[in-house]
file model-v9.tsv (TSV, C-alpha atoms (C1' of nucleotides))
chain	number	residue	atom	x	y	z
A	1	MET	CA	22.10	-2.51	28.62
A	2	ARG	CA	18.79	-0.78	28.03
A	3	THR	CA	19.99	2.75	27.33
A	4	PHE	CA	22.50	3.99	24.83
A	5	THR	CA	23.29	7.08	22.79
A	6	ILE	CA	23.66	7.41	19.04
A	7	PRO	CA	25.55	10.46	17.74
A	8	LEU	CA	24.08	12.06	14.61
A	9	THR	CA	25.82	13.85	11.77
A	10	PRO	CA	25.11	17.59	12.01
A	11	PRO	CA	23.19	19.55	11.02
A	12	TYR	CA	20.17	17.55	12.20
A	13	SER	CA	16.80	19.19	12.72
A	14	PHE	CA	14.58	17.12	14.96
A	15	GLU	CA	12.07	19.97	14.82
A	16	ARG	CA	11.79	19.63	11.03
A	17	LEU	CA	11.46	15.89	11.39
A	18	LEU	CA	8.51	16.38	13.75
A	19	GLN	CA	6.91	18.95	11.46
A	20	ARG	CA	7.13	16.56	8.55
A	21	LEU	CA	5.28	14.00	10.67
A	22	GLN	CA	2.33	16.40	10.88
A	23	THR	CA	1.70	16.08	7.14
A	24	HIS	CA	2.98	12.48	6.94
A	25	PRO	CA	1.25	10.59	9.73
A	26	ASP	CA	2.97	7.36	10.78
A	27	PRO	CA	0.61	4.97	12.61
A	28	GLN	CA	3.59	3.17	14.15
A	29	LEU	CA	4.92	6.26	15.90
A	30	GLU	CA	3.81	7.81	19.14
A	31	VAL	CA	5.03	11.39	19.15
A	32	GLN	CA	5.50	13.60	22.20
A	33	PRO	CA	6.73	16.79	20.55
A	34	GLU	CA	7.07	18.73	23.80
A	35	ASN	CA	9.68	16.26	25.06
A	36	GLY	CA	11.38	15.59	21.72
A	37	LEU	CA	10.31	12.01	22.26
A	38	LEU	CA	9.21	9.23	19.91
A	39	ARG	CA	8.14	5.71	20.75
A	40	ARG	CA	7.62	2.82	18.38
A	41	VAL	CA	8.28	-0.88	18.00
A	42	PHE	CA	11.35	-2.03	16.08
A	43	ARG	CA	11.98	-5.63	15.25
A	44	VAL	CA	15.28	-7.10	16.43
A	45	GLY	CA	15.46	-10.26	14.40
A	46	THR	CA	11.77	-11.03	14.39
A	47	ARG	CA	11.25	-10.01	18.03
A	48	PRO	CA	9.28	-6.76	18.44
A	49	VAL	CA	11.01	-4.40	20.87
A	50	LEU	CA	9.32	-1.25	22.15
A	51	THR	CA	11.84	1.57	21.84
A	52	ARG	CA	11.97	5.11	23.16
A	53	VAL	CA	13.91	7.56	21.00
A	54	GLN	CA	14.71	10.93	22.49
A	55	PHE	CA	16.41	13.73	20.64
A	56	VAL	CA	19.16	15.32	22.74
A	57	GLY	CA	21.66	18.05	21.96
A	58	GLU	CA	20.99	20.64	19.29
A	59	LEU	CA	20.99	21.30	15.52
A	60	GLU	CA	24.78	21.39	15.21
A	61	LYS	CA	25.59	18.83	17.93
A	62	PRO	CA	22.81	16.27	17.79
A	63	ALA	CA	22.33	12.80	19.23
A	64	LEU	CA	19.62	10.26	19.96
A	65	GLN	CA	19.15	8.66	23.35
A	66	ILE	CA	17.67	5.20	23.04
A	67	GLU	CA	15.87	3.20	25.69
A	68	THR	CA	14.28	-0.21	25.23
A	69	SER	CA	11.60	-1.75	27.40
A	70	SER	CA	13.29	-5.14	27.45
A	71	SER	CA	17.00	-5.85	27.82
A	72	LEU	CA	19.06	-6.79	24.77
A	73	SER	CA	22.20	-8.81	24.23
A	74	ALA	CA	25.22	-6.96	22.84
A	75	ALA	CA	24.52	-8.34	19.37
A	76	GLU	CA	20.85	-7.38	19.58
A	77	GLN	CA	21.69	-3.88	20.69
A	78	GLN	CA	24.09	-3.57	17.77
A	79	GLU	CA	21.35	-4.63	15.37
A	80	LEU	CA	18.84	-2.19	16.88
A	81	GLU	CA	21.40	0.59	16.69
A	82	ARG	CA	22.01	-0.17	13.02
A	83	THR	CA	18.27	-0.07	12.33
A	84	ILE	CA	17.82	3.22	14.14
A	85	ARG	CA	20.79	4.82	12.35
A	86	HIS	CA	19.14	3.80	9.10
A	87	VAL	CA	15.64	4.94	10.07
A	88	PHE	CA	16.81	8.34	11.28
A	89	SER	CA	19.31	8.87	8.48
A	90	ALA	CA	21.99	9.38	11.11
A	91	ASP	CA	25.08	9.19	8.90
A	92	LEU	CA	24.18	11.34	5.90
A	93	ASP	CA	26.41	14.40	5.48
A	94	LEU	CA	24.09	17.12	4.17
A	95	LEU	CA	26.72	19.86	3.81
A	96	PRO	CA	28.14	18.89	0.38
A	97	ILE	CA	24.56	18.43	-0.86
A	98	TYR	CA	23.65	21.91	0.35
A	99	GLU	CA	26.65	23.31	-1.54
A	100	GLN	CA	25.21	21.91	-4.74
A	101	MET	CA	21.61	22.91	-3.97
A	102	ARG	CA	22.64	26.52	-3.38
A	103	GLU	CA	23.65	26.75	-7.03
A	104	GLU	CA	19.93	27.22	-7.78
A	105	PRO	CA	18.38	30.29	-6.12
A	106	GLU	CA	14.94	28.61	-5.85
A	107	LEU	CA	16.53	25.81	-3.85
A	108	ALA	CA	18.91	27.95	-1.79
A	109	VAL	CA	15.77	29.22	-0.04
A	110	LEU	CA	14.86	25.65	0.90
A	111	VAL	CA	18.36	24.89	2.20
A	112	LYS	CA	18.14	27.84	4.53
A	113	ARG	CA	14.61	27.10	5.63
A	114	PHE	CA	14.90	23.35	6.09
A	115	ARG	CA	18.53	23.09	7.30
A	116	GLY	CA	19.00	19.74	9.00
A	117	LEU	CA	15.91	18.07	7.47
A	118	ARG	CA	16.41	14.44	6.53
A	119	LEU	CA	14.22	11.57	5.48
A	120	MET	CA	12.93	9.10	8.02
A	121	HIS	CA	13.47	5.72	6.38
A	122	ASP	CA	11.39	2.60	6.76
A	123	SER	CA	12.91	0.04	9.09
A	124	ASP	CA	12.74	-2.83	6.59
A	125	LEU	CA	12.02	-3.43	2.93
A	126	PHE	CA	8.90	-5.51	3.40
A	127	GLN	CA	7.01	-2.77	5.17
A	128	SER	CA	8.50	-0.15	2.89
A	129	MET	CA	6.98	-1.78	-0.18
A	130	VAL	CA	3.65	-2.54	1.50
A	131	LYS	CA	3.26	1.04	2.71
A	132	THR	CA	4.18	2.34	-0.73
A	133	ILE	CA	1.62	0.10	-2.45
A	134	ILE	CA	-0.98	1.26	0.06
A	135	GLY	CA	-0.04	4.86	-0.76
A	136	GLN	CA	-0.57	4.50	-4.50
A	137	GLN	CA	-2.99	7.13	-5.76
A	138	ILE	CA	-4.74	7.91	-2.45
A	139	ASN	CA	-4.11	10.81	-0.08
A	140	LEU	CA	-1.68	10.46	2.84
A	141	THR	CA	-4.40	10.49	5.51
A	142	PHE	CA	-6.33	7.65	3.96
A	143	ALA	CA	-3.08	5.75	3.38
A	144	ALA	CA	-2.20	6.10	7.06
A	145	ASN	CA	-5.68	4.84	7.99
A	146	LEU	CA	-5.26	1.76	5.82
A	147	THR	CA	-1.80	1.08	7.26
A	148	GLN	CA	-3.18	1.41	10.78
A	149	ARG	CA	-5.94	-1.09	10.00
A	150	LEU	CA	-3.43	-3.54	8.54
A	151	LEU	CA	-1.35	-3.21	11.71
A	152	THR	CA	-4.40	-3.91	13.85
A	153	LEU	CA	-5.38	-6.90	11.74
A	154	ALA	CA	-2.01	-8.61	11.38
A	155	GLY	CA	0.61	-6.79	13.49
A	156	ASP	CA	2.19	-7.98	16.74
A	157	GLU	CA	1.14	-6.28	19.92
A	158	VAL	CA	3.60	-5.01	22.53
A	159	GLU	CA	2.70	-3.24	25.78
A	160	ASP	CA	4.66	-0.67	27.71
A	161	GLU	CA	5.03	-0.76	31.52
A	162	ASN	CA	1.63	0.95	31.90
A	163	GLY	CA	-0.21	-1.40	29.57
A	164	VAL	CA	-0.28	1.06	26.64
A	165	LYS	CA	-0.39	-0.98	23.46
A	166	PHE	CA	1.89	-0.62	20.44
A	167	LEU	CA	1.81	-2.59	17.19
A	168	ALA	CA	4.76	-3.91	15.23
A	169	PHE	CA	4.36	-3.92	11.46
A	170	PRO	CA	3.15	-7.36	10.30
A	171	THR	CA	5.72	-9.81	8.99
A	172	ALA	CA	5.62	-11.03	5.38
A	173	GLU	CA	4.50	-14.41	6.74
A	174	SER	CA	1.46	-12.97	8.49
A	175	VAL	CA	0.42	-10.88	5.48
A	176	ALA	CA	0.92	-13.88	3.20
A	177	ARG	CA	-1.63	-15.76	5.31
A	178	LEU	CA	-4.29	-13.08	4.82
A	179	SER	CA	-7.03	-13.29	2.24
A	180	VAL	CA	-8.41	-10.50	0.08
A	181	GLU	CA	-11.76	-10.96	1.86
A	182	GLU	CA	-10.13	-9.93	5.15
A	183	LEU	CA	-8.74	-6.69	3.71
A	184	ARG	CA	-11.84	-5.56	1.79
A	185	PRO	CA	-13.82	-4.57	4.93
A	186	LEU	CA	-10.84	-2.42	5.96
A	187	GLN	CA	-11.56	-0.41	2.79
A	188	PHE	CA	-8.68	-1.74	0.76
A	189	SER	CA	-9.67	-1.85	-2.91
A	190	GLN	CA	-9.89	-5.32	-4.43
A	191	ARG	CA	-6.74	-4.71	-6.47
A	192	LYS	CA	-4.73	-3.18	-3.67
A	193	ALA	CA	-5.54	-6.10	-1.40
A	194	GLU	CA	-4.38	-8.51	-4.10
A	195	TYR	CA	-1.14	-6.60	-4.74
A	196	ILE	CA	-0.15	-6.58	-1.08
A	197	ILE	CA	-0.94	-10.22	-0.41
A	198	ASP	CA	0.72	-11.34	-3.67
A	199	TYR	CA	3.83	-9.36	-2.75
A	200	ALA	CA	4.00	-10.94	0.73
A	201	ARG	CA	3.59	-14.40	-0.81
A	202	ALA	CA	6.36	-13.73	-3.35
A	203	ILE	CA	8.68	-13.06	-0.43
A	204	VAL	CA	7.59	-16.06	1.62
A	205	ASP	CA	7.88	-18.29	-1.48
A	206	GLY	CA	11.40	-17.01	-2.13
A	207	LYS	CA	10.52	-15.49	-5.50
A	208	VAL	CA	11.75	-12.16	-4.16
A	209	ASP	CA	14.85	-12.02	-1.95
A	210	LEU	CA	14.82	-8.70	-0.11
A	211	GLU	CA	18.31	-9.20	1.35
A	212	ARG	CA	19.79	-9.60	-2.11
A	213	LEU	CA	18.43	-6.19	-3.14
A	214	TRP	CA	21.09	-4.52	-1.00
A	215	THR	CA	23.74	-5.81	-3.40
A	216	MET	CA	21.93	-4.60	-6.54
A	217	GLU	CA	21.93	-1.34	-8.50
A	218	ASP	CA	18.86	0.92	-8.56
A	219	GLU	CA	17.84	0.18	-12.15
A	220	GLU	CA	18.42	-3.54	-11.66
A	221	ILE	CA	16.06	-3.50	-8.67
A	222	ILE	CA	13.45	-1.52	-10.61
A	223	ALA	CA	13.51	-4.04	-13.45
A	224	HIS	CA	13.35	-6.94	-11.00
A	225	LEU	CA	10.41	-5.71	-8.92
A	226	THR	CA	8.24	-4.07	-11.59
A	227	ALA	CA	7.79	-7.58	-12.97
A	228	LEU	CA	5.36	-8.09	-10.06
A	229	ARG	CA	1.74	-7.13	-10.60
A	230	GLY	CA	0.78	-3.91	-8.83
A	231	ILE	CA	4.35	-2.67	-8.59
A	232	GLY	CA	5.25	0.04	-11.08
A	233	ARG	CA	8.29	2.24	-11.43
A	234	TRP	CA	7.09	4.85	-8.93
A	235	THR	CA	6.55	2.19	-6.27
A	236	VAL	CA	10.07	0.80	-6.58
A	237	GLU	CA	11.58	4.28	-6.72
A	238	CYS	CA	9.84	5.04	-3.43
A	239	MET	CA	11.06	1.79	-1.89
A	240	LEU	CA	14.62	2.57	-2.98
A	241	MET	CA	14.32	6.02	-1.49
A	242	PHE	CA	12.25	5.54	1.69
A	243	GLY	CA	13.18	1.93	2.35
A	244	MET	CA	16.81	1.62	1.25
A	245	GLY	CA	17.91	5.23	1.64
A	246	ARG	CA	19.44	5.31	-1.84
A	247	PRO	CA	20.48	8.91	-2.55
A	248	ASP	CA	19.69	9.45	-6.22
A	249	LEU	CA	16.04	8.57	-6.88
A	250	LEU	CA	13.52	10.78	-8.64
A	251	PRO	CA	9.93	9.47	-8.51
A	252	ALA	CA	8.97	11.56	-11.52
A	253	ALA	CA	5.41	10.21	-11.70
A	254	ASP	CA	4.77	11.53	-8.20
A	255	ILE	CA	1.93	14.01	-7.94
A	256	GLY	CA	3.48	15.66	-4.88
A	257	LEU	CA	6.73	16.23	-6.75
A	258	ARG	CA	4.81	17.70	-9.68
A	259	ASN	CA	3.03	20.08	-7.33
A	260	GLY	CA	6.29	20.89	-5.53
A	261	ILE	CA	8.23	21.78	-8.66
A	262	TRP	CA	5.30	23.85	-9.79
A	263	LEU	CA	5.44	25.70	-6.47
A	264	VAL	CA	9.19	26.00	-5.91
A	265	TYR	CA	10.09	27.08	-9.44
A	266	ASN	CA	6.97	29.25	-9.64
A	267	ARG	CA	5.91	27.79	-12.98
A	268	ASP	CA	2.59	28.49	-14.65
A	269	THR	CA	1.85	24.81	-15.37
A	270	LYS	CA	2.45	21.51	-13.58
A	271	PRO	CA	5.40	19.73	-15.20
A	272	ASP	CA	4.79	16.26	-16.62
A	273	GLU	CA	6.95	13.23	-15.94
A	274	ALA	CA	9.42	13.83	-18.77
A	275	GLU	CA	9.81	17.45	-17.73
A	276	ILE	CA	10.57	16.42	-14.14
A	277	ARG	CA	13.24	13.97	-15.25
A	278	ARG	CA	14.80	16.72	-17.34
A	279	ILE	CA	14.83	19.20	-14.45
A	280	GLY	CA	16.11	16.50	-12.08
A	281	GLU	CA	19.20	15.78	-14.18
A	282	ARG	CA	21.03	18.69	-12.60
A	283	TRP	CA	20.21	17.34	-9.12
A	284	ALA	CA	22.29	14.18	-9.57
A	285	PRO	CA	23.72	12.40	-7.64
A	286	TRP	CA	21.42	13.58	-4.80
A	287	ARG	CA	17.98	13.51	-6.42
A	288	SER	CA	16.40	11.82	-3.37
A	289	ILE	CA	17.37	14.66	-1.04
A	290	TYR	CA	16.30	17.28	-3.58
A	291	SER	CA	12.94	15.51	-3.88
A	292	LEU	CA	12.53	15.56	-0.09
A	293	TYR	CA	13.14	19.31	0.07
A	294	ILE	CA	10.72	19.93	-2.81
A	295	TRP	CA	8.06	17.81	-1.11
A	296	GLU	CA	8.60	19.59	2.17
A	297	ALA	CA	8.04	22.94	0.48
A	298	VAL	CA	4.53	21.67	-0.27
A	299	GLY	CA	4.24	20.41	3.31
A	300	ALA	CA	5.18	23.80	4.69
A	301	VAL	CA	2.43	25.44	2.64
A	302	LYS	CA	-0.09	22.85	3.87
A	303	ARG	CA	0.93	23.60	7.44
A	304	LYS	CA	0.47	27.29	6.60
A	305	GLU	CA	4.04	28.15	7.49
A	306	VAL	CA	4.72	31.72	6.50
A	307	TRP	CA	6.59	31.53	3.23
A	308	GLU	CA	8.68	34.63	2.78
A	309	GLU	CA	12.10	36.28	2.70
B	1	DG	C1'	-21.85	18.19	-5.91
B	2	DT	C1'	-16.88	18.05	-7.98
B	3	DC	C1'	-12.05	17.32	-7.96
B	4	DC	C1'	-7.86	15.64	-6.41
B	5	DA	C1'	-4.77	12.62	-3.56
B	6	DG	C1'	3.22	10.32	-2.90
B	7	DG	C1'	-0.37	5.01	-9.29
B	8	DG	C1'	-1.12	0.91	-11.75
B	9	DT	C1'	-3.68	-2.24	-14.53
B	10	DA	C1'	-7.05	-3.78	-17.86
B	11	DT	C1'	-9.25	-2.83	-21.92
B	12	DA	C1'	-10.12	-0.44	-26.27
B	13	DT	C1'	-8.68	1.89	-30.21
C	1	DA	C1'	1.88	2.60	-28.98
C	2	DT	C1'	-1.42	5.68	-26.72
C	3	DA	C1'	-5.99	6.85	-24.51
C	4	DT	C1'	-9.45	6.02	-21.02
C	5	DA	C1'	-11.98	3.85	-17.11
C	6	DC	C1'	-11.57	2.22	-12.74
C	7	DC	C1'	-10.36	1.73	-7.96
C	8	DA	C1'	-12.09	3.59	-2.57
C	9	DT	C1'	-12.25	7.27	0.44
C	10	DG	C1'	-11.53	11.92	2.77
C	11	DG	C1'	-10.82	16.59	2.48
C	12	DA	C1'	-10.89	21.01	0.05

call {"tool": "encode", "arguments": {"input": "model-v9.tsv", "output": "structure tokens"}}
result
Amino acid sequence: MRTFTIPLTPPYSFERLLQRLQTHPDPQLEVQPENGLLRRVFRVGTRPVLTRVQFVGELEKPALQIETSSSLSAAEQQELERTIRHVFSADLDLLPIYEQMREEPELAVLVKRFRGLRLMHDSDLFQSMVKTIIGQQINLTFAANLTQRLLTLAGDEVEDENGVKFLAFPTAESVARLSVEELRPLQFSQRKAEYIIDYARAIVDGKVDLERLWTMEDEEIIAHLTALRGIGRWTVECMLMFGMGRPDLLPAADIGLRNGIWLVYNRDTKPDEAEIRRIGERWAPWRSIYSLYIWEAVGAVKRKEVWEE
DNA sequence: GTCCAGGGTATAT
DNA sequence: ATATACCATGGA
């Protein structure tokens, strides 16, 4: 079976998802906004499978229609479906979270404006961490450029029926085989190149077991991974949030979050990390979703969306 | 030209 | 313990 449908939990705004992609470029995704269509490669096991994801239905009755370029066994299709449900945050019920967010007037505006917005998660924890390390300190455009160059250097190529090429994110094994000298010409800093390669080697050597992370608590994972050089608290918080889909993370060191809180709460100064953690206490146990909506307020301003009412 | 981007580490006090 | 320099580049 090459085509199947995945029902989504309403409300689900595919439009907001596409708008977020404008300010958060993803080199793995081909986007055809006019058709509500995305294409990218997902790995099933280790095999890269080119997949077409089309949004069908509407905000309050949404679904995804999936089509793969090669045929899959029943077990493979089940695995792909699980991955896609995770990536598109298909099962999160936003309504109880909205109830809580509406308790703050500054956030009630965001609930109304961004109804149905969810996070797009990373499809696996290796790429989640690598992309987060790449994103440390630099702007999103440059980060996307670096990720694209890493894909070109070490990713696996897949072609569609017309010979259009797509790249699957490199495996830990292929990144572990790279040298710093290969990443430097791609404009990775010396340190960043070392961090990424060291991380891939820790996985290949079995010093880090990504599967085991799914059985661990947030703080346990933070303690475990920040022991690695180049991986600080912010990086693990992002991996927990974007990679694992954990609901209650607050990357308080994040510059975007600082700017967002400054904007949304209309403060006269940017809050520091301690201040953000204090404000975020009342967002528990949904701090990840609150963070997303705060970030997207900044995104809307960058896109020059009219910000009124 | 300057400053800032979804930070983290190394070094100096 | 806390402060500062540094990374590498693009866009405002």

call {"tool": "atom_distance", "arguments": {"input": "model-v9.tsv", "atom1": "CA of Gly163 in chain A", "atom2": "CA of Gln148 in chain A"}}
result
19.2 Å

call {"tool": "axis_aligned_box", "arguments": {"input": "model-v9.tsv", "around": "chain B", "padding_each_side": "8 Å", "output": "AutoDock Vina command-line options"}}
result
--center_x -9.3 --center_y 7.2 --center_z -16.6 --size_x 41.1 --size_y 38.0 --size_z 43.3

call {"tool": "atom_distance", "arguments": {"input": "model-v9.tsv", "atom1": "CA of Glu67 in chain A", "atom2": "CA of Ile6 in chain A"}}
result
11.1 Å

call {"tool": "interface_residues", "arguments": {"input": "model-v9.tsv", "of": "chain A", "to": "chain B", "cutoff": "6 Å", "atoms": "all atoms listed in the file", "output": "ChimeraX atom specification"}}
result
/A:136-139,230,254,256

call {"tool": "closest_residue", "arguments": {"input": "model-v9.tsv", "among": "A:Arg184, A:Lys207, A:Arg233, A:Arg287", "to": "chain C", "atoms": "only C-alpha atoms (C1' of nucleotides)"}}
result
A:Arg184

call {"tool": "atom_distance", "arguments": {"input": "model-v9.tsv", "atom1": "CA of Val31 in chain A", "atom2": "CA of Thr147 in chain A"}}
result
17.2 Å

call {"tool": "build_atoms", "arguments": {"input": "model-v9.tsv", "residues": "range 183-199 of chain A", "atoms": "N, CA, C and O atoms", "output": "short mmCIF file (atom, residue, chain, number, x, y, z; two decimals), keeping the file's coordinate frame"}}
result
data_model
loop_
_atom_site.label_atom_id
_atom_site.label_comp_id
_atom_site.auth_asym_id
_atom_site.auth_seq_id
_atom_site.Cartn_x
_atom_site.Cartn_y
_atom_site.Cartn_z
N LEU A 183 -9.17 -8.08 3.88
CA LEU A 183 -8.74 -6.69 3.71
C LEU A 183 -9.85 -5.80 3.15
O LEU A 183 -9.87 -4.59 3.39
N ARG A 184 -10.77 -6.36 2.41
CA ARG A 184 -11.84 -5.56 1.79
C ARG A 184 -12.64 -4.76 2.81
O ARG A 184 -12.89 -3.58 2.60
N PRO A 185 -13.06 -5.36 3.94
CA PRO A 185 -13.82 -4.57 4.93
C PRO A 185 -13.01 -3.43 5.55
O PRO A 185 -13.58 -2.50 6.09
N LEU A 186 -11.68 -3.52 5.45
CA LEU A 186 -10.84 -2.42 5.96
C LEU A 186 -10.75 -1.29 4.95
O LEU A 186 -9.99 -0.36 5.13
N GLN A 187 -11.49 -1.41 3.84
CA GLN A 187 -11.56 -0.41 2.79
C GLN A 187 -10.34 -0.42 1.88
O GLN A 187 -10.02 0.58 1.24
N PHE A 188 -9.65 -1.55 1.83
CA PHE A 188 -8.68 -1.74 0.76
C PHE A 188 -9.47 -2.02 -0.51
O PHE A 188 -10.48 -2.74 -0.47
N SER A 189 -9.02 -1.49 -1.65
CA SER A 189 -9.67 -1.85 -2.91
C SER A 189 -9.32 -3.31 -3.22
O SER A 189 -8.33 -3.85 -2.71
N GLN A 190 -10.13 -3.93 -4.04
CA GLN A 190 -9.89 -5.32 -4.43
C GLN A 190 -8.46 -5.51 -4.95
O GLN A 190 -7.72 -6.37 -4.50
N ARG A 191 -8.08 -4.63 -5.88
CA ARG A 191 -6.74 -4.71 -6.47
C ARG A 191 -5.65 -4.53 -5.44
O ARG A 191 -4.69 -5.29 -5.38
N LYS A 192 -5.78 -3.49 -4.63
CA LYS A 192 -4.73 -3.18 -3.67
C LYS A 192 -4.53 -4.34 -2.69
O LYS A 192 -3.41 -4.69 -2.34
N ALA A 193 -5.63 -4.94 -2.29
CA ALA A 193 -5.54 -6.10 -1.40
C ALA A 193 -4.77 -7.23 -2.08
O ALA A 193 -3.91 -7.87 -1.48
N GLU A 194 -5.07 -7.45 -3.36
CA GLU A 194 -4.38 -8.51 -4.10
C GLU A 194 -2.88 -8.21 -4.22
O GLU A 194 -2.04 -9.09 -4.01
N TYR A 195 -2.55 -6.97 -4.56
CA TYR A 195 -1.14 -6.60 -4.74
C TYR A 195 -0.33 -6.88 -3.48
O TYR A 195 0.76 -7.44 -3.52
N ILE A 196 -0.89 -6.48 -2.34
CA ILE A 196 -0.15 -6.58 -1.08
C ILE A 196 0.03 -8.04 -0.67
O ILE A 196 1.12 -8.47 -0.29
N ILE A 197 -1.03 -8.80 -0.79
CA ILE A 197 -0.94 -10.22 -0.41
C ILE A 197 -0.02 -10.97 -1.37
O ILE A 197 0.82 -11.77 -0.95
N ASP A 198 -0.16 -10.69 -2.69
CA ASP A 198 0.72 -11.34 -3.67
C ASP A 198 2.19 -11.02 -3.39
O ASP A 198 3.06 -11.89 -3.51
N TYR A 199 2.46 -9.77 -3.04
CA TYR A 199 3.83 -9.36 -2.75
C TYR A 199 4.37 -10.13 -1.53
O TYR A 199 5.48 -10.67 -1.57
#
